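Below is input25.cif, holding mmCIF, C-alpha atoms and all ligand atoms.
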data_start
#
loop_
_atom_site.group_PDB
_atom_site.id
_atom_site.type_symbol
_atom_site.label_atom_id
_atom_site.label_comp_id
_atom_site.auth_asym_id
_atom_site.auth_seq_id
_atom_site.Cartn_x
_atom_site.Cartn_y
_atom_site.Cartn_z
ATOM 1 C CA MET M 1 -9.448 -23.077 -14.235
ATOM 2 C CA ARG M 2 -10.575 -20.168 -12.106
ATOM 3 C CA PRO M 3 -8.791 -20.070 -8.725
ATOM 4 C CA THR M 4 -10.977 -20.638 -5.662
ATOM 5 C CA ASP M 5 -8.706 -18.884 -3.135
ATOM 6 C CA CYS M 6 -5.638 -16.649 -3.036
ATOM 7 C CA LEU M 7 -3.343 -17.851 -0.258
ATOM 8 C CA THR M 8 0.057 -17.392 -1.903
ATOM 9 C CA GLY M 9 -0.757 -16.059 -5.376
ATOM 10 C CA GLU M 10 0.441 -19.325 -6.933
ATOM 11 C CA GLU M 11 -3.222 -20.173 -7.506
ATOM 12 C CA LEU M 12 -3.098 -17.890 -10.574
ATOM 13 C CA ASP M 13 -1.250 -19.114 -13.647
ATOM 14 C CA ALA M 14 0.803 -16.691 -15.752
ATOM 15 C CA GLU M 15 -2.093 -15.908 -18.083
ATOM 16 C CA GLN M 16 -4.486 -15.212 -15.194
ATOM 17 C CA LEU M 17 -1.838 -13.039 -13.580
ATOM 18 C CA HIS M 18 -1.451 -10.905 -16.693
ATOM 19 C CA GLU M 19 -5.235 -10.693 -17.075
ATOM 20 C CA LEU M 20 -5.486 -9.587 -13.444
ATOM 21 C CA ILE M 21 -3.009 -6.755 -14.028
ATOM 22 C CA ASP M 22 -4.805 -5.721 -17.251
ATOM 23 C CA ARG M 23 -8.113 -5.690 -15.411
ATOM 24 C CA ALA M 24 -6.632 -3.745 -12.485
ATOM 25 C CA ALA M 25 -5.380 -1.081 -14.922
ATOM 26 C CA HIS M 26 -8.850 -0.900 -16.475
ATOM 27 C CA LEU M 27 -10.512 -0.548 -13.067
ATOM 28 C CA LYS M 28 -8.009 2.149 -12.128
ATOM 29 C CA ALA M 29 -9.075 4.122 -15.201
ATOM 30 C CA SER M 30 -12.790 3.451 -14.534
ATOM 31 C CA PRO M 31 -13.220 2.849 -10.793
ATOM 32 C CA HIS M 32 -16.981 2.296 -11.041
ATOM 33 C CA ALA M 33 -16.922 0.077 -14.136
ATOM 34 C CA SER M 34 -17.778 -3.066 -12.175
ATOM 35 C CA ALA M 35 -20.625 -4.022 -9.846
ATOM 36 C CA ALA M 36 -19.220 -7.502 -9.256
ATOM 37 C CA LEU M 37 -20.082 -7.437 -5.549
ATOM 38 C CA ALA M 38 -23.487 -5.735 -5.781
ATOM 39 C CA GLY M 39 -25.589 -6.745 -2.800
ATOM 40 C CA ARG M 40 -22.830 -8.945 -1.369
ATOM 41 C CA THR M 41 -20.636 -8.700 1.716
ATOM 42 C CA VAL M 42 -16.929 -9.491 2.140
ATOM 43 C CA ALA M 43 -15.590 -10.267 5.635
ATOM 44 C CA LEU M 44 -12.140 -8.865 6.423
ATOM 45 C CA ILE M 45 -10.564 -10.464 9.501
ATOM 46 C CA PHE M 46 -7.714 -8.458 11.016
ATOM 47 C CA GLN M 47 -5.560 -10.231 13.589
ATOM 48 C CA ARG M 48 -2.704 -7.783 12.876
ATOM 49 C CA HIS M 49 -2.387 -4.021 12.341
ATOM 50 C CA SER M 50 -3.033 -2.454 8.941
ATOM 51 C CA THR M 51 -3.514 0.893 7.248
ATOM 52 C CA ARG M 52 -3.233 0.288 3.476
ATOM 53 C CA THR M 53 -4.758 -3.185 3.344
ATOM 54 C CA ARG M 54 -7.786 -2.253 5.382
ATOM 55 C CA VAL M 55 -8.431 1.021 3.550
ATOM 56 C CA SER M 56 -7.837 -0.364 0.052
ATOM 57 C CA PHE M 57 -10.028 -3.427 0.614
ATOM 58 C CA GLU M 58 -12.829 -1.429 2.259
ATOM 59 C CA VAL M 59 -12.921 1.239 -0.430
ATOM 60 C CA GLY M 60 -12.431 -1.272 -3.246
ATOM 61 C CA ILE M 61 -15.290 -3.510 -2.085
ATOM 62 C CA HIS M 62 -17.511 -0.438 -1.794
ATOM 63 C CA GLU M 63 -16.589 0.608 -5.349
ATOM 64 C CA LEU M 64 -17.572 -2.893 -6.565
ATOM 65 C CA GLY M 65 -21.025 -2.361 -5.043
ATOM 66 C CA GLY M 66 -20.391 -4.602 -2.048
ATOM 67 C CA HIS M 67 -20.264 -4.199 1.713
ATOM 68 C CA PRO M 68 -16.933 -4.647 3.525
ATOM 69 C CA MET M 69 -17.345 -6.094 7.014
ATOM 70 C CA VAL M 70 -14.225 -5.586 9.112
ATOM 71 C CA LEU M 71 -13.845 -8.103 11.935
ATOM 72 C CA ARG M 72 -11.179 -7.342 14.494
ATOM 73 C CA THR M 73 -10.279 -10.565 16.231
ATOM 74 C CA GLU M 74 -10.734 -9.194 19.714
ATOM 75 C CA ASP M 75 -14.396 -8.405 18.936
ATOM 76 C CA THR M 76 -15.174 -11.935 17.743
ATOM 77 C CA GLN M 77 -15.481 -15.311 19.414
ATOM 78 C CA LEU M 78 -12.082 -16.190 17.908
ATOM 79 C CA ALA M 79 -10.645 -14.229 20.823
ATOM 80 C CA ARG M 80 -12.503 -16.549 23.203
ATOM 81 C CA GLY M 81 -11.238 -19.713 21.574
ATOM 82 C CA GLU M 82 -13.789 -20.499 18.844
ATOM 83 C CA SER M 83 -11.989 -22.463 16.144
ATOM 84 C CA ILE M 84 -11.050 -21.147 12.720
ATOM 85 C CA ARG M 85 -12.921 -24.171 11.296
ATOM 86 C CA ASP M 86 -16.218 -23.156 12.919
ATOM 87 C CA THR M 87 -15.614 -19.541 11.973
ATOM 88 C CA ALA M 88 -15.180 -20.661 8.339
ATOM 89 C CA HIS M 89 -18.494 -22.558 8.410
ATOM 90 C CA VAL M 90 -20.417 -19.625 9.872
ATOM 91 C CA LEU M 91 -18.937 -16.859 7.712
ATOM 92 C CA SER M 92 -19.495 -18.942 4.563
ATOM 93 C CA ARG M 93 -23.261 -18.829 5.238
ATOM 94 C CA HIS M 94 -23.242 -15.028 5.063
ATOM 95 C CA VAL M 95 -20.461 -13.561 2.935
ATOM 96 C CA ALA M 96 -19.153 -13.764 -0.642
ATOM 97 C CA ALA M 97 -15.473 -13.947 0.368
ATOM 98 C CA ILE M 98 -13.213 -13.803 3.423
ATOM 99 C CA GLY M 99 -9.966 -11.844 3.692
ATOM 100 C CA ILE M 100 -7.639 -12.527 6.598
ATOM 101 C CA ARG M 101 -4.488 -10.900 7.982
ATOM 102 C CA THR M 102 -2.782 -13.033 10.578
ATOM 103 C CA GLY M 103 0.468 -14.787 11.516
ATOM 104 C CA PRO M 104 0.579 -18.489 10.705
ATOM 105 C CA ASP M 105 0.015 -19.507 7.076
ATOM 106 C CA GLU M 106 -1.444 -22.793 8.389
ATOM 107 C CA LEU M 107 -4.338 -20.860 9.904
ATOM 108 C CA VAL M 108 -5.217 -19.330 6.533
ATOM 109 C CA ALA M 109 -4.957 -22.754 4.882
ATOM 110 C CA GLU M 110 -7.335 -24.166 7.507
ATOM 111 C CA LEU M 111 -9.777 -21.318 6.932
ATOM 112 C CA ALA M 112 -9.706 -21.996 3.180
ATOM 113 C CA GLU M 113 -10.129 -25.736 3.714
ATOM 114 C CA HIS M 114 -13.371 -25.267 5.620
ATOM 115 C CA ALA M 115 -14.817 -22.156 3.959
ATOM 116 C CA THR M 116 -17.089 -22.610 0.970
ATOM 117 C CA VAL M 117 -16.337 -19.067 -0.260
ATOM 118 C CA PRO M 118 -13.005 -17.681 -1.543
ATOM 119 C CA VAL M 119 -10.345 -16.890 1.072
ATOM 120 C CA ILE M 120 -7.767 -14.140 0.445
ATOM 121 C CA ASN M 121 -4.469 -13.851 2.300
ATOM 122 C CA MET M 122 -4.168 -10.194 3.367
ATOM 123 C CA LEU M 123 -0.665 -10.895 4.854
ATOM 124 C CA THR M 124 0.787 -13.743 6.817
ATOM 125 C CA GLU M 125 4.203 -14.480 8.188
ATOM 126 C CA LEU M 126 5.297 -15.997 4.850
ATOM 127 C CA HIS M 127 3.229 -14.321 2.127
ATOM 128 C CA HIS M 128 1.735 -11.006 1.015
ATOM 129 C CA PRO M 129 0.319 -11.749 -2.457
ATOM 130 C CA CYS M 130 -1.988 -8.716 -2.656
ATOM 131 C CA GLN M 131 1.038 -6.459 -2.263
ATOM 132 C CA ALA M 132 2.843 -8.210 -5.119
ATOM 133 C CA PHE M 133 -0.171 -7.875 -7.453
ATOM 134 C CA ALA M 134 -0.273 -4.122 -6.812
ATOM 135 C CA ASP M 135 3.474 -3.901 -7.367
ATOM 136 C CA LEU M 136 3.194 -5.607 -10.753
ATOM 137 C CA LEU M 137 0.612 -3.003 -11.732
ATOM 138 C CA THR M 138 2.989 -0.240 -10.592
ATOM 139 C CA LEU M 139 5.842 -1.739 -12.614
ATOM 140 C CA ARG M 140 3.681 -2.041 -15.700
ATOM 141 C CA GLU M 141 2.545 1.565 -15.364
ATOM 142 C CA SER M 142 6.161 2.693 -15.015
ATOM 143 C CA PHE M 143 7.636 0.710 -17.918
ATOM 144 C CA GLY M 144 4.655 -0.201 -20.121
ATOM 145 C CA HIS M 145 5.356 -3.949 -19.848
ATOM 146 C CA LEU M 146 6.463 -6.604 -17.356
ATOM 147 C CA GLU M 147 8.353 -9.192 -19.380
ATOM 148 C CA GLY M 148 12.088 -8.688 -19.321
ATOM 149 C CA LEU M 149 12.147 -6.306 -16.350
ATOM 150 C CA LYS M 150 14.532 -6.935 -13.492
ATOM 151 C CA LEU M 151 13.332 -6.288 -9.949
ATOM 152 C CA ALA M 152 15.913 -6.205 -7.148
ATOM 153 C CA TYR M 153 14.733 -6.619 -3.564
ATOM 154 C CA VAL M 154 17.266 -5.687 -0.881
ATOM 155 C CA GLY M 155 16.857 -6.351 2.838
ATOM 156 C CA ASP M 156 14.997 -8.900 4.910
ATOM 157 C CA GLY M 157 13.922 -12.046 3.037
ATOM 158 C CA ASN M 158 10.413 -11.755 4.426
ATOM 159 C CA ASN M 159 6.794 -12.229 3.322
ATOM 160 C CA VAL M 160 6.941 -9.351 0.818
ATOM 161 C CA ALA M 161 10.241 -10.571 -0.668
ATOM 162 C CA ARG M 162 8.838 -14.101 -1.009
ATOM 163 C CA SER M 163 5.622 -12.983 -2.723
ATOM 164 C CA LEU M 164 7.568 -10.734 -5.117
ATOM 165 C CA ALA M 165 9.934 -13.598 -5.945
ATOM 166 C CA ILE M 166 7.139 -16.120 -6.549
ATOM 167 C CA ILE M 167 4.624 -13.890 -8.297
ATOM 168 C CA GLY M 168 7.218 -11.715 -10.086
ATOM 169 C CA ALA M 169 8.916 -14.765 -11.600
ATOM 170 C CA ARG M 170 5.552 -16.103 -12.719
ATOM 171 C CA ALA M 171 4.812 -12.782 -14.434
ATOM 172 C CA GLY M 172 8.061 -13.005 -16.427
ATOM 173 C CA LEU M 173 10.295 -10.738 -14.339
ATOM 174 C CA THR M 174 13.832 -11.473 -13.237
ATOM 175 C CA VAL M 175 13.743 -11.114 -9.450
ATOM 176 C CA ALA M 176 17.000 -10.822 -7.477
ATOM 177 C CA VAL M 177 16.888 -10.861 -3.679
ATOM 178 C CA ALA M 178 19.867 -9.572 -1.676
ATOM 179 C CA ALA M 179 19.835 -10.469 2.012
ATOM 180 C CA PRO M 180 22.450 -11.363 4.596
ATOM 181 C CA ASP M 181 23.052 -14.836 5.897
ATOM 182 C CA GLY M 182 20.209 -15.870 8.180
ATOM 183 C CA TYR M 183 17.701 -13.465 6.582
ATOM 184 C CA GLN M 184 17.648 -14.834 3.017
ATOM 185 C CA LEU M 185 14.685 -16.584 1.366
ATOM 186 C CA GLU M 186 14.734 -20.303 0.775
ATOM 187 C CA PRO M 187 15.339 -21.053 -2.945
ATOM 188 C CA VAL M 188 12.400 -19.844 -5.053
ATOM 189 C CA ALA M 189 12.082 -21.075 -8.647
ATOM 190 C CA GLY M 190 13.204 -18.342 -11.031
ATOM 191 C CA ALA M 191 14.609 -16.003 -8.349
ATOM 192 C CA GLN M 192 18.290 -15.089 -7.980
ATOM 193 C CA LEU M 193 19.498 -15.031 -4.364
ATOM 194 C CA THR M 194 22.660 -13.218 -3.243
ATOM 195 C CA ASP M 195 24.105 -11.552 -0.162
ATOM 196 C CA ASP M 196 25.481 -8.640 -2.228
ATOM 197 C CA PRO M 197 23.052 -5.728 -2.678
ATOM 198 C CA TYR M 198 25.178 -4.210 -5.460
ATOM 199 C CA GLU M 199 25.111 -7.476 -7.397
ATOM 200 C CA ALA M 200 21.320 -7.645 -7.024
ATOM 201 C CA VAL M 201 20.703 -4.105 -8.289
ATOM 202 C CA ARG M 202 22.991 -4.401 -11.328
ATOM 203 C CA ASP M 203 20.799 -3.760 -14.420
ATOM 204 C CA ALA M 204 17.687 -3.672 -12.214
ATOM 205 C CA ASN M 205 14.762 -1.544 -13.386
ATOM 206 C CA ALA M 206 13.327 -1.335 -9.878
ATOM 207 C CA VAL M 207 14.877 -1.553 -6.422
ATOM 208 C CA TYR M 208 12.516 -2.591 -3.633
ATOM 209 C CA THR M 209 12.860 -2.790 0.121
ATOM 210 C CA ASP M 210 10.719 -3.448 3.193
ATOM 211 C CA VAL M 211 10.989 -3.095 6.950
ATOM 212 C CA TRP M 212 13.715 -4.908 8.863
ATOM 213 C CA VAL M 213 11.355 -5.995 11.651
ATOM 214 C CA SER M 214 8.026 -7.344 10.409
ATOM 215 C CA MET M 215 4.842 -7.513 12.438
ATOM 216 C CA ASN M 216 5.187 -11.271 12.881
ATOM 217 C CA ASP M 217 8.838 -10.999 14.031
ATOM 218 C CA SER M 218 9.703 -11.040 17.706
ATOM 219 C CA PRO M 219 10.600 -7.533 18.963
ATOM 220 C CA ASP M 220 13.463 -9.258 20.791
ATOM 221 C CA SER M 221 15.137 -9.875 17.427
ATOM 222 C CA ALA M 222 15.106 -6.165 16.478
ATOM 223 C CA ALA M 223 18.641 -5.220 17.532
ATOM 224 C CA ALA M 224 20.250 -8.163 15.737
ATOM 225 C CA ARG M 225 18.150 -7.505 12.627
ATOM 226 C CA MET M 226 19.135 -3.815 12.517
ATOM 227 C CA GLN M 227 22.783 -4.722 12.706
ATOM 228 C CA ALA M 228 22.683 -7.473 10.076
ATOM 229 C CA LEU M 229 20.530 -5.533 7.623
ATOM 230 C CA ARG M 230 22.238 -2.128 7.879
ATOM 231 C CA PRO M 231 24.366 -2.666 4.692
ATOM 232 C CA TYR M 232 21.157 -3.313 2.736
ATOM 233 C CA GLN M 233 19.640 0.175 3.106
ATOM 234 C CA LEU M 234 17.978 1.506 -0.057
ATOM 235 C CA SER M 235 19.959 4.715 -0.552
ATOM 236 C CA ASP M 236 20.622 7.093 -3.467
ATOM 237 C CA GLU M 237 23.996 5.409 -3.855
ATOM 238 C CA LEU M 238 22.465 1.939 -4.197
ATOM 239 C CA LEU M 239 19.754 3.217 -6.548
ATOM 240 C CA ALA M 240 22.455 4.842 -8.714
ATOM 241 C CA ALA M 241 24.031 1.398 -9.195
ATOM 242 C CA ALA M 242 20.815 0.083 -10.807
ATOM 243 C CA ALA M 243 19.837 0.511 -14.473
ATOM 244 C CA PRO M 244 19.403 4.089 -15.735
ATOM 245 C CA GLY M 245 15.845 5.212 -14.934
ATOM 246 C CA ALA M 246 15.400 2.623 -12.196
ATOM 247 C CA ILE M 247 12.552 3.289 -9.776
ATOM 248 C CA ALA M 248 12.423 2.805 -5.988
ATOM 249 C CA LEU M 249 9.662 0.739 -4.384
ATOM 250 C CA HIS M 250 8.536 0.033 -0.805
ATOM 251 C CA CYS M 251 5.326 -1.640 0.353
ATOM 252 C CA LEU M 252 5.089 0.651 3.434
ATOM 253 C CA PRO M 253 4.989 1.353 6.315
ATOM 254 C CA ALA M 254 8.527 2.763 6.018
ATOM 255 C CA HIS M 255 11.152 3.572 8.624
ATOM 256 C CA PRO M 256 13.198 6.364 7.014
ATOM 257 C CA GLY M 257 16.820 6.115 8.077
ATOM 258 C CA GLU M 258 16.561 2.354 8.489
ATOM 259 C CA GLU M 259 15.714 0.269 5.396
ATOM 260 C CA ILE M 260 15.292 3.347 3.156
ATOM 261 C CA THR M 261 16.715 6.847 3.224
ATOM 262 C CA GLU M 262 14.379 9.809 3.412
ATOM 263 C CA SER M 263 15.788 11.127 0.124
ATOM 264 C CA VAL M 264 14.773 7.941 -1.730
ATOM 265 C CA LEU M 265 11.394 7.634 0.028
ATOM 266 C CA TYR M 266 10.362 11.147 -0.990
ATOM 267 C CA GLY M 267 12.622 11.452 -4.040
ATOM 268 C CA GLU M 268 11.925 11.736 -7.756
ATOM 269 C CA ARG M 269 12.478 8.088 -8.519
ATOM 270 C CA GLN M 270 10.059 6.581 -6.027
ATOM 271 C CA ARG M 271 6.729 5.084 -7.131
ATOM 272 C CA ILE M 272 5.853 4.205 -3.549
ATOM 273 C CA TRP M 273 2.626 6.174 -3.222
ATOM 274 C CA ASP M 274 1.456 4.703 -6.538
ATOM 275 C CA GLN M 275 2.056 1.256 -5.026
ATOM 276 C CA ALA M 276 -0.146 2.171 -2.072
ATOM 277 C CA GLU M 277 -2.937 3.319 -4.394
ATOM 278 C CA ASN M 278 -2.598 0.310 -6.660
ATOM 279 C CA ARG M 279 -3.473 -2.021 -3.811
ATOM 280 C CA ARG M 280 -7.104 -1.040 -4.319
ATOM 281 C CA HIS M 281 -7.196 -1.577 -8.073
ATOM 282 C CA ALA M 282 -5.376 -4.915 -7.983
ATOM 283 C CA GLN M 283 -7.542 -6.242 -5.149
ATOM 284 C CA LYS M 284 -10.721 -5.235 -6.996
ATOM 285 C CA ALA M 285 -9.552 -7.283 -9.978
ATOM 286 C CA LEU M 286 -8.776 -10.190 -7.632
ATOM 287 C CA LEU M 287 -12.200 -10.013 -5.967
ATOM 288 C CA GLU M 288 -13.853 -9.990 -9.397
ATOM 289 C CA LEU M 289 -11.865 -13.052 -10.431
ATOM 290 C CA LEU M 290 -12.595 -15.016 -7.258
ATOM 291 C CA CYS M 291 -16.207 -13.982 -6.679
ATOM 292 C CA ALA M 292 -17.541 -13.969 -10.261
HETATM 293 N N1 LIG M 301 1.608 -2.604 2.688
HETATM 294 C C1 LIG M 301 0.690 -2.998 3.604
HETATM 295 O O1 LIG M 301 0.180 -4.115 3.597
HETATM 296 O O2 LIG M 301 0.361 -2.006 4.482
HETATM 297 P P1 LIG M 301 -0.557 -2.172 5.794
HETATM 298 O O3 LIG M 301 0.215 -3.016 6.767
HETATM 299 O O4 LIG M 301 -0.766 -0.776 6.282
HETATM 300 O O5 LIG M 301 -1.837 -2.844 5.410
HETATM 301 N N1 LIG M 302 7.003 -7.330 6.009
HETATM 302 C C1 LIG M 302 6.045 -6.409 6.594
HETATM 303 C C2 LIG M 302 5.072 -5.967 5.559
HETATM 304 C C3 LIG M 302 4.092 -4.928 6.030
HETATM 305 C C4 LIG M 302 3.091 -4.595 5.000
HETATM 306 C C5 LIG M 302 5.351 -7.064 7.760
HETATM 307 O O1 LIG M 302 4.983 -8.241 7.647
HETATM 308 O O2 LIG M 302 5.165 -6.406 8.798
#

Mind turning this structure into structure tokens?
Ligand code: CP
Ligand code: NVA
Amino acid sequence: MRPTDCLTGEELDAEQLHELIDRAAHLKASPHASAALAGRTVALIFQRHSTRTRVSFEVGIHELGGHPMVLRTEDTQLARGESIRDTAHVLSRHVAAIGIRTGPDELVAELAEHATVPVINMLTELHHPCQAFADLLTLRESFGHLEGLKLAYVGDGNNVARSLAIIGARAGLTVAVAAPDGYQLEPVAGAQLTDDPYEAVRDANAVYTDVWVSMNDSPDSAAARMQALRPYQLSDELLAAAAPGAIALHCLPAHPGEEITESVLYGERQRIWDQAENRRHAQKALLELLCA
């Protein structure tokens, strides 16, 4: 059955996930091959900052023949207290799909409950599925396949870690997450959780990290986070402990010297800028799937 929304990525079964990555690769090779959104508009609600998500969705929707309509919360009646339910009803009368970047996952679920068009999670406190789709495409480009690969995530057990664990496991990857006590994910089916970064990266084909203070984290927690997460930095030394030929990944924005060293971020083994580009191709495939 075709998914109606993408809130966590779990709406896609393994076959749909592989088809999505195949289609994303095809659209990367032929960016104007699809006019799936011709004459249609997609609303993109941003309640949080963004560079990659906004740019990749805007350009991708344009390439599909559609019109991206960016709505910054402070410009809408949401900022004056109009409910997400009423917003869902109104937007559904005009647009083909709604993307939203916000904090609470419950808010996105409420939007999807009341919208009659597909809703896409463009990042919440708990999930970032669009990032994980792009990362699967990057892994497949780097290794030619997904099944059997091991992905190690080191650092904060955050939204990106959770989406990689859920969606990566569904795609047939082994996903290991190394995080300190208090920052680890809850158990995720198919994912290996540890507090030892060197154990996580053993035999890993890719080593991934993300910021130590996310946009939905309280700035007051920053000092404690920095201290707890310091041993989890993605460095040349940690990368050398992974499988031969392992690549380094980061969803960006990066803080060189914190969760990743400058030498890894700009080094020969990173595929980080490919990840940033692949957001567009993966999201185009997702929009095609949801809006067909
Ligand atoms: N990776 C990512 O989602 O980047 P932005 O926050 O810039 O959208
Ligand atoms: N974990 C980060 C991801 C940014 C794309 C955050 O939520 O801020």

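Residue nearest ligand LIG 302 (chain M), chosen from M:Tyr266, M:Trp212, M:Phe57, M:Tyr183 and counting all atoms listed in the file: M:Trp212.
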
Show me, as CSV, the residues of chain M having an atom within 10 Å of ligand LIG 301 (chain M), each with the closest atom pair and its distance in Å, using all atoms listed in the file.
residue,atom,partner,partner_atom,distance
M:Phe46,CA,M:LIG301,O5,9.9
M:Arg48,CA,M:LIG301,O3,8.3
M:His49,CA,M:LIG301,O3,6.2
M:Ser50,CA,M:LIG301,O5,3.7
M:Thr51,CA,M:LIG301,O4,3.4
M:Arg52,CA,M:LIG301,O4,3.9
M:Thr53,CA,M:LIG301,O5,3.6
M:Arg54,CA,M:LIG301,O5,6.0
M:Val55,CA,M:LIG301,O5,7.9
M:Ser56,CA,M:LIG301,O5,8.4
M:Phe57,CA,M:LIG301,O5,9.5
M:Arg101,CA,M:LIG301,O5,8.9
M:Met122,CA,M:LIG301,O1,7.5
M:Leu123,CA,M:LIG301,O1,6.9
M:His128,CA,M:LIG301,O1,7.5
M:Pro129,CA,M:LIG301,O1,9.7
M:Cys130,CA,M:LIG301,O1,8.1
M:Gln131,CA,M:LIG301,N1,6.3
M:Ala132,CA,M:LIG301,N1,9.7
M:Ala134,CA,M:LIG301,N1,9.8
M:Val160,CA,M:LIG301,N1,8.8
M:Asp210,CA,M:LIG301,N1,9.2
M:Ser214,CA,M:LIG301,O3,9.6
M:Met215,CA,M:LIG301,O3,8.6
M:His250,CA,M:LIG301,N1,8.2
M:Cys251,CA,M:LIG301,N1,4.5
M:Leu252,CA,M:LIG301,N1,4.8
M:Pro253,CA,M:LIG301,O2,6.0
M:Ala254,CA,M:LIG301,N1,9.4
M:Gln275,CA,M:LIG301,N1,8.6
M:Ala276,CA,M:LIG301,N1,7.0
M:Arg279,CA,M:LIG301,N1,8.3

Subject >> Residues matched by the PyMOL selection byres (((chain M and resi 274) around 12) and not hetatm) as a PyMOL selection string >> reply: chain M and resi 28+52+131+134-142+247-252+269-273+275-282

Original post:
For the file shown, what are the residues hit by the PyMOL selection byres (((chain M and resi 260) around 10) and not hetatm), laid out as a PyMOL selection string?
Top reply: chain M and resi 155+208-211+232-236+248-250+254-259+261-265

Saved selection, atoms kept: C-alpha atoms, as a compact mmCIF listing (two decimals), in the coordinates of the input:
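Ended up saving to result03.txt:
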# COMPACT_ATOMS: atom_id res chain seq x y z
CA GLY M 155 16.86 -6.35 2.84
CA TYR M 208 12.52 -2.59 -3.63
CA THR M 209 12.86 -2.79 0.12
CA ASP M 210 10.72 -3.45 3.19
CA VAL M 211 10.99 -3.10 6.95
CA TYR M 232 21.16 -3.31 2.74
CA GLN M 233 19.64 0.18 3.11
CA LEU M 234 17.98 1.51 -0.06
CA SER M 235 19.96 4.72 -0.55
CA ASP M 236 20.62 7.09 -3.47
CA ALA M 248 12.42 2.80 -5.99
CA LEU M 249 9.66 0.74 -4.38
CA HIS M 250 8.54 0.03 -0.80
CA ALA M 254 8.53 2.76 6.02
CA HIS M 255 11.15 3.57 8.62
CA PRO M 256 13.20 6.36 7.01
CA GLY M 257 16.82 6.12 8.08
CA GLU M 258 16.56 2.35 8.49
CA GLU M 259 15.71 0.27 5.40
CA THR M 261 16.72 6.85 3.22
CA GLU M 262 14.38 9.81 3.41
CA SER M 263 15.79 11.13 0.12
CA VAL M 264 14.77 7.94 -1.73
CA LEU M 265 11.39 7.63 0.03

Write out as a tab-separated table (two decimals) with C-alpha atoms, keeping the file's coordinate frame each polymer residue whose atoms come within 12 Å of Ala14 in chain M, counting all atoms listed in the file; drop sequence neighbours fewer than 4 positions from it.
chain	number	residue	atom	x	y	z
M	9	GLY	CA	-0.76	-16.06	-5.38
M	10	GLU	CA	0.44	-19.32	-6.93
M	18	HIS	CA	-1.45	-10.90	-16.69
M	19	GLU	CA	-5.24	-10.69	-17.08
M	20	LEU	CA	-5.49	-9.59	-13.44
M	21	ILE	CA	-3.01	-6.76	-14.03
M	146	LEU	CA	6.46	-6.60	-17.36
M	147	GLU	CA	8.35	-9.19	-19.38
M	166	ILE	CA	7.14	-16.12	-6.55
M	167	ILE	CA	4.62	-13.89	-8.30
M	168	GLY	CA	7.22	-11.72	-10.09
M	169	ALA	CA	8.92	-14.76	-11.60
M	170	ARG	CA	5.55	-16.10	-12.72
M	171	ALA	CA	4.81	-12.78	-14.43
M	172	GLY	CA	8.06	-13.00	-16.43
M	173	LEU	CA	10.30	-10.74	-14.34

Subject >> Nearest to Asp196 in chain M, chosen from M:Pro3, M:Val154, M:Gly39, M:Ser163, with only C-alpha atoms counted in the distances >> reply: M:Val154

Original post:
Any chance you could work out the residue set of the PyMOL selection byres (((chain M and resi 185-194) around 6) and not hetatm) here, as a ChimeraX atom specification?
Top reply: /M:157,165,169,175-178,184,195-196

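Ranking M:Cys6, M:Val207, M:Leu164, M:Ala242 by their shortest atom-to-atom distance to ligand LIG 302 (chain M), with only C-alpha atoms and all ligand atoms included, puts M:Leu164 first.
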
Original post:
Which polymer residues, protein or nucleic acid, are no farther than 10 Å from (-20.6, 0.5, -5.7), counting only C-alpha atoms, as a ChimeraX atom specification?
Top reply: /M:31-39,59-67

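If you count all atoms listed in the file and ignore residues fewer than 3 places along the chain from Leu107 in chain M, what sits within 12 Å of it is Leu7, Gln47, Ser83, Ile84, Arg85, Thr87, Ala88, Ile100, Arg101, Thr102, Gly103, Pro104, Glu110, Leu111, Ala112, Glu113, His114, Val119, Asn121, Leu123, Thr124, Glu125 and Leu126 of chain M.
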
Original post:
Hey, can you check how far atom C2 of ligand LIG 302 (chain M) sits from CA of Arg202 in chain M?
Top reply: 24.7 Å

Original post:
Rounded to one decimal in Å, what is the spacing between CA of Leu239 in chain M and CA of Thr8 in chain M?
Top reply: 28.9 Å

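With distances taken over all atoms listed in the file, M:Asp217 is the one residue among M:Leu149, M:Ala200, M:Asp217, M:Ala96 lying closest to ligand LIG 302 (chain M).
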
For ligand LIG 302 (chain M), take all atoms listed in the file, fit an axis-aligned box around them, add 6 Å to each of the six sides, then output centre and edge lengths in Å rounded to one decimal, as lines of an AutoDock Vina configuration file.
center_x = 5.0
center_y = -6.4
center_z = 6.9
size_x = 15.9
size_y = 15.6
size_z = 15.8

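Our summary of the geometry notes that CA of Arg40 in chain M is positioned 26.8 Å from CA of His127 in chain M.
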
Subject >> From M:Leu238, M:Arg162, M:Ala246, M:Ser221, residue lying nearest ligand LIG 302 (chain M) [only C-alpha atoms and all ligand atoms] >> reply: M:Arg162

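Shortest separation to ligand LIG 302 (chain M) among M:Pro219, M:Gly144, M:Pro231, M:Gly267 occurs at residue M:Pro219, atoms counted being all atoms listed in the file.
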
Original post:
Do you know which residues are at most 8 Å from Val70 in chain M counting only C-alpha atoms, after dropping those on the same chain fewer than 2 positions away, and could you put them as a ChimeraX atom specification?
Top reply: /M:43-46,68,72

Store the residues picked out above, limited to C-alpha atoms, as a PDB file, keeping the file's coordinate frame.
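After the write, result_4.pdb holds the following:
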ATOM      1  CA  ALA M  43     -15.590 -10.267   5.635  1.00  0.00           C
ATOM      2  CA  LEU M  44     -12.140  -8.865   6.423  1.00  0.00           C
ATOM      3  CA  ILE M  45     -10.564 -10.464   9.501  1.00  0.00           C
ATOM      4  CA  PHE M  46      -7.714  -8.458  11.016  1.00  0.00           C
ATOM      5  CA  PRO M  68     -16.933  -4.647   3.525  1.00  0.00           C
ATOM      6  CA  ARG M  72     -11.179  -7.342  14.494  1.00  0.00           C
TER       7      ARG M  72
END
